[in-house]
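Heads up: the structure comes next, in structure tokens.
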Number of protein chains: 2
Amino acid sequence: MTFSEENYLKSIYTLQKEHPKGVSTNVLSKYLDTKPASATEMIKKLDEKGLVHYQPYQGVILKDSGAVSALKVIRKHRLWETFLANKLDFSWDEIHDVAEQLEHIKSDKLIRELDKFLGYPKHDPHGDPIPDEAGNIAKLEKKRVSQLQPGDTGTCIGVNDTSSSFLQFLDQQNIRLGSVLEIVNIQEFDKSMTVRIDDRELLLSQIATEHIYVRI
Amino acid sequence: MTFSEENYLKSIYTLQKEHPKGVSTNVLSKYLDTKPASATEMIKKLDEKGLVHYQPYQGVILKDSGAVSALKVIRKHRLWETFLANKLDFSWDEIHDVAEQLEHIKSDKLIRELDKFLGYPKHDPHGDPIPDEAGNIAKLEKKRVSQLQPGDTGTCIGVNDTSSSFLQFLDQQNIRLGSVLEIVNIQEFDKSMTVRIDDRELLLSQIATEHIYVRI
DNA sequence: TATATTTTTTAGGTTTGCCTAAACTTTAAT
DNA sequence: ATTAAAGTTTAGGCAAACCTAAAAAATATA
């Protein structure tokens, strides 16, 4: 399987969630930053290989074999992201591009050993679940803080805004990966929230609560 | 720079030691398992890019810029080999193929962080020196045990024969990476050697001494 | 419903890196 | 010195993955 085939499968897997009846060549090519004509070509090839189901003008969906292949690439991507963030000094926003390259390395032993070395992590640094060797994947239980109700708790797993001012703010407030937040209450008029972290209470603006992800 | 260009530069660098006046397309293509015509093509391209010096029928040599590029790839290869052997459970003979893939990952930060994570190693698991960021590389001081004289000492850095029977033999004799050997004497008639390891003396056949590498 | 717009596919082209076969140099041997 | 052998280059092709432009199909609008 070529790098390009792997990238298409992975993209179709991702886009299928929003387009369950079929991912169009338009959507796919936009996501991959290529042209629709290129997507058509590749989809035909993947169809001939039995990895996807394709009907002209109807978009594409993964067959089981295609989904398994996609999940193997996703597993590799997320394990490498975990390695970069946990073992090397990469920050959240730096890991993706390098993992895009590393995910294509072909070696079953490598990925088994890496998994072991990392302590068999269940989630990557963004809070996304890591599929197992067979391609089983846990449901994502990731929400924005803004989606929680008073009394709910969540573990901080990532952010949506990587501007240095926002990251600095989080740092000042001692909010980091793994911090446990509990919603104390919500102000009706501006949707700001009071949250408890490490036995301290602090107020987060609506903007802030929309940019922080937690695993529930 | 493409994977293929990197592989050609690395190969030319390696082959230049044995062919200092120029690496022929024949030698190069044999080493890379391609055809001479393909090597000619690639060499022309590298020449146009100013990375090598090429005269038809006279073979190819690296220019300084080409040597720097080659050494960057070699640096990555050797750091990854060190990672696989020291951090993951890869054996000597398994690391090469995976490192051949990993060496092409493009990220300066990745390789700097990896170097730091590994503790700035000077040699890879085969005992070969790891070039620094600028492309400076230490002279290789690697010899077969058979090349040593009585009184010489060396640190075991690798083997030439990865048959399980040989590796088992080394294991039984407690000879491993990092073991320090001292030559006690050499039998004239069969070139077998008595060596001291960890205050024990043991006899190695000529065959064995030719298959063990040491750094002196 | 007929037409206009958007989306998708087809057709033909490009680049990279490989190939084979034929032509050409160089080197070796008589 | 000539010829034979070996090595190298050129010429023409192929597959992968991309592209643009034109044709065809699907969808939206009047």
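Ordering of the structure tokens sets the chain letters (A, B, ...), residue numbers begin anew at 1 in every chain, and ligands are numbered from 1 in the order given.
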
Who sits within 12 Å of range 8-24 of chain C, only C-alpha atoms (C1' of nucleotides), same chain under 2 positions skipped, as a PyMOL selection string: (chain A and resi 24-27+29+35-41+44+55-59) or (chain B and resi 1-5+29+33-42+45+56-57) or (chain C and resi 6+26) or (chain D and resi 7-26)

Chain B contacts on chain A, only C-alpha atoms, 10 Å, as a PyMOL selection string: chain A and resi 84+87-90+94-95+97-102+104-107+109-110+112-117

Straight-line distance linking CA of Ser165 in chain B with CA of Thr194 in chain B, stated in Å to one decimal: 20.8 Å

Between CA of Gly151 in chain A and CA of Glu182 in chain A - distance in Å to one decimal: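 For CA of Glu182 in chain A relative to CA of Gly151 in chain A, the distance reads 6.3 Å.
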
Selection near DT3 in chain C, 12 Å with only C-alpha atoms (C1' of nucleotides), sequence-local residues under 4 positions removed, as a list in words: DA28, DT29 and DA30 of chain D

Just N, CA, C and O atoms (P, O5', C5', C4', C3', O3' and C1' of nucleotides) for this one: save the residues we selected as a short mmCIF file (atom, residue, chain, number, x, y, z; two decimals), in the first residue's frame.
```cif
data_model
loop_
_atom_site.label_atom_id
_atom_site.label_comp_id
_atom_site.auth_asym_id
_atom_site.auth_seq_id
_atom_site.Cartn_x
_atom_site.Cartn_y
_atom_site.Cartn_z
P DA D 28 -29.83 20.20 -4.44
"O5'" DA D 28 -30.06 21.57 -5.23
"C5'" DA D 28 -28.93 22.35 -5.60
"C4'" DA D 28 -29.40 23.62 -6.29
"C3'" DA D 28 -30.57 24.32 -5.63
"O3'" DA D 28 -30.26 25.71 -5.66
"C1'" DA D 28 -31.14 23.76 -7.88
P DT D 29 -31.30 26.81 -5.23
"O5'" DT D 29 -31.91 27.25 -6.64
"C5'" DT D 29 -31.03 27.80 -7.64
"C4'" DT D 29 -31.89 28.43 -8.74
"C3'" DT D 29 -33.08 29.21 -8.23
"O3'" DT D 29 -33.22 30.37 -9.05
"C1'" DT D 29 -33.84 27.52 -9.68
P DA D 30 -34.17 31.57 -8.68
"O5'" DA D 30 -34.95 31.84 -10.04
"C5'" DA D 30 -34.23 31.82 -11.27
"C4'" DA D 30 -35.18 31.50 -12.40
"C3'" DA D 30 -36.47 32.33 -12.39
"O3'" DA D 30 -36.78 32.73 -13.71
"C1'" DA D 30 -37.01 30.03 -12.33
#
```

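Counting only C-alpha atoms (C1' of nucleotides), range 27-29 of chain C has the following residues at most 10 Å away, ignoring those fewer than 6 positions along the same chain: DT3, DA4, DA5, DA6 and DG7 of chain D.
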
How would the residues just chosen look if you wrote them out with C-alpha atoms (C1' of nucleotides) as an mmCIF file, in the first residue's frame?
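result26.cif, written as the output of this step:
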```
data_model
loop_
_atom_site.group_PDB
_atom_site.id
_atom_site.type_symbol
_atom_site.label_atom_id
_atom_site.label_comp_id
_atom_site.auth_asym_id
_atom_site.auth_seq_id
_atom_site.Cartn_x
_atom_site.Cartn_y
_atom_site.Cartn_z
ATOM 1 C "C1'" DT D 3 39.587 -6.574 -31.883
ATOM 2 C "C1'" DA D 4 36.775 -8.435 -28.250
ATOM 3 C "C1'" DA D 5 34.661 -7.732 -23.877
ATOM 4 C "C1'" DA D 6 32.903 -4.920 -20.396
ATOM 5 C "C1'" DG D 7 30.876 -0.850 -18.831
#
```

Pairwise distance for CA of His19 in chain B and CA of Arg75 in chain B, rounded to one decimal in Å: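 So the answer is 21.9 Å.
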
Could you go through range 83-161 of chain A and tell me which residues DSSP, when run on the backbone, assigns to helix (DSSP H, G or I), listing them as a CSV table (one decimal) with N, CA and C atoms, in the first residue's frame?
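Dumped everything to selection-v3.csv:
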```
chain,number,residue,atom,x,y,z
A,83,PHE,N,4.3,9.5,21.4
A,83,PHE,CA,5.7,9.4,21.6
A,83,PHE,C,6.3,10.8,21.5
A,84,LEU,N,5.9,11.6,20.5
A,84,LEU,CA,6.5,12.9,20.4
A,84,LEU,C,6.2,13.8,21.5
A,85,ALA,N,4.9,13.7,22.1
A,85,ALA,CA,4.5,14.6,23.2
A,85,ALA,C,5.1,14.1,24.5
A,86,ASN,N,5.1,12.8,24.7
A,86,ASN,CA,5.4,12.3,26.0
A,86,ASN,C,6.9,12.0,26.2
A,95,ILE,N,3.1,18.2,17.0
A,95,ILE,CA,3.2,16.8,16.7
A,95,ILE,C,2.5,16.3,15.5
A,96,HIS,N,1.5,17.0,15.0
A,96,HIS,CA,0.7,16.4,13.9
A,96,HIS,C,1.5,16.2,12.6
A,97,ASP,N,2.2,17.3,12.2
A,97,ASP,CA,2.9,17.2,10.9
A,97,ASP,C,4.0,16.1,10.9
A,98,VAL,N,4.7,15.9,12.0
A,98,VAL,CA,5.7,14.9,12.0
A,98,VAL,C,5.0,13.5,12.0
A,99,ALA,N,3.9,13.4,12.8
A,99,ALA,CA,3.2,12.1,12.8
A,99,ALA,C,2.6,11.7,11.5
A,100,GLU,N,2.3,12.7,10.7
A,100,GLU,CA,1.8,12.5,9.3
A,100,GLU,C,2.8,11.7,8.5
A,101,GLN,N,4.1,12.0,8.8
A,101,GLN,CA,5.2,11.3,8.1
A,101,GLN,C,5.4,9.9,8.7
A,102,LEU,N,5.5,9.9,10.0
A,102,LEU,CA,5.9,8.6,10.7
A,102,LEU,C,4.8,7.6,10.6
A,108,ASP,N,5.5,-4.0,11.5
A,108,ASP,CA,4.6,-4.4,12.6
A,108,ASP,C,5.3,-4.4,13.9
A,109,LYS,N,6.6,-4.9,13.9
A,109,LYS,CA,7.3,-5.0,15.1
A,109,LYS,C,7.5,-3.6,15.7
A,110,LEU,N,7.8,-2.6,14.9
A,110,LEU,CA,8.1,-1.3,15.4
A,110,LEU,C,6.9,-0.8,16.2
A,111,ILE,N,5.7,-1.0,15.6
A,111,ILE,CA,4.5,-0.4,16.2
A,111,ILE,C,4.2,-1.1,17.5
A,112,ARG,N,4.4,-2.4,17.5
A,112,ARG,CA,4.1,-3.2,18.7
A,112,ARG,C,5.1,-2.7,19.8
A,113,GLU,N,6.4,-2.6,19.5
A,113,GLU,CA,7.4,-2.2,20.5
A,113,GLU,C,7.1,-0.7,20.9
A,114,LEU,N,6.7,0.1,20.0
A,114,LEU,CA,6.5,1.5,20.4
A,114,LEU,C,5.3,1.5,21.4
A,115,ASP,N,4.3,0.8,21.1
A,115,ASP,CA,3.1,0.7,22.0
A,115,ASP,C,3.5,0.3,23.4
A,116,LYS,N,4.4,-0.8,23.4
A,116,LYS,CA,4.9,-1.3,24.7
A,116,LYS,C,5.7,-0.2,25.4
A,117,PHE,N,6.6,0.4,24.7
A,117,PHE,CA,7.5,1.5,25.2
A,117,PHE,C,6.7,2.6,25.8
A,145,VAL,N,-15.4,22.2,27.2
A,145,VAL,CA,-15.8,22.5,28.5
A,145,VAL,C,-17.2,23.2,28.4
A,146,SER,N,-17.4,24.0,27.4
A,146,SER,CA,-18.7,24.7,27.2
A,146,SER,C,-19.9,23.8,27.1
A,147,GLN,N,-19.6,22.5,26.8
A,147,GLN,CA,-20.7,21.5,26.6
A,147,GLN,C,-21.1,20.9,27.9
```

Those in range 113-181 of chain B with strand (DSSP E) from DSSP, as a PyMOL selection string: chain B and resi 142-144+153-159+180-181

Shell of 12 Å around Thr14 in chain A, only C-alpha atoms (C1' of nucleotides), local chain residues under 6 positions omitted, as a PyMOL selection string: chain A and resi 7-8+20+22-23+27-28+31-32+61-62+67+70-71+73-74

Residue neighbourhood range 205-216 of chain B, 9 Å, only C-alpha atoms (C1' of nucleotides), exclusion window fewer than 5 positions, as a count of residues only: 29
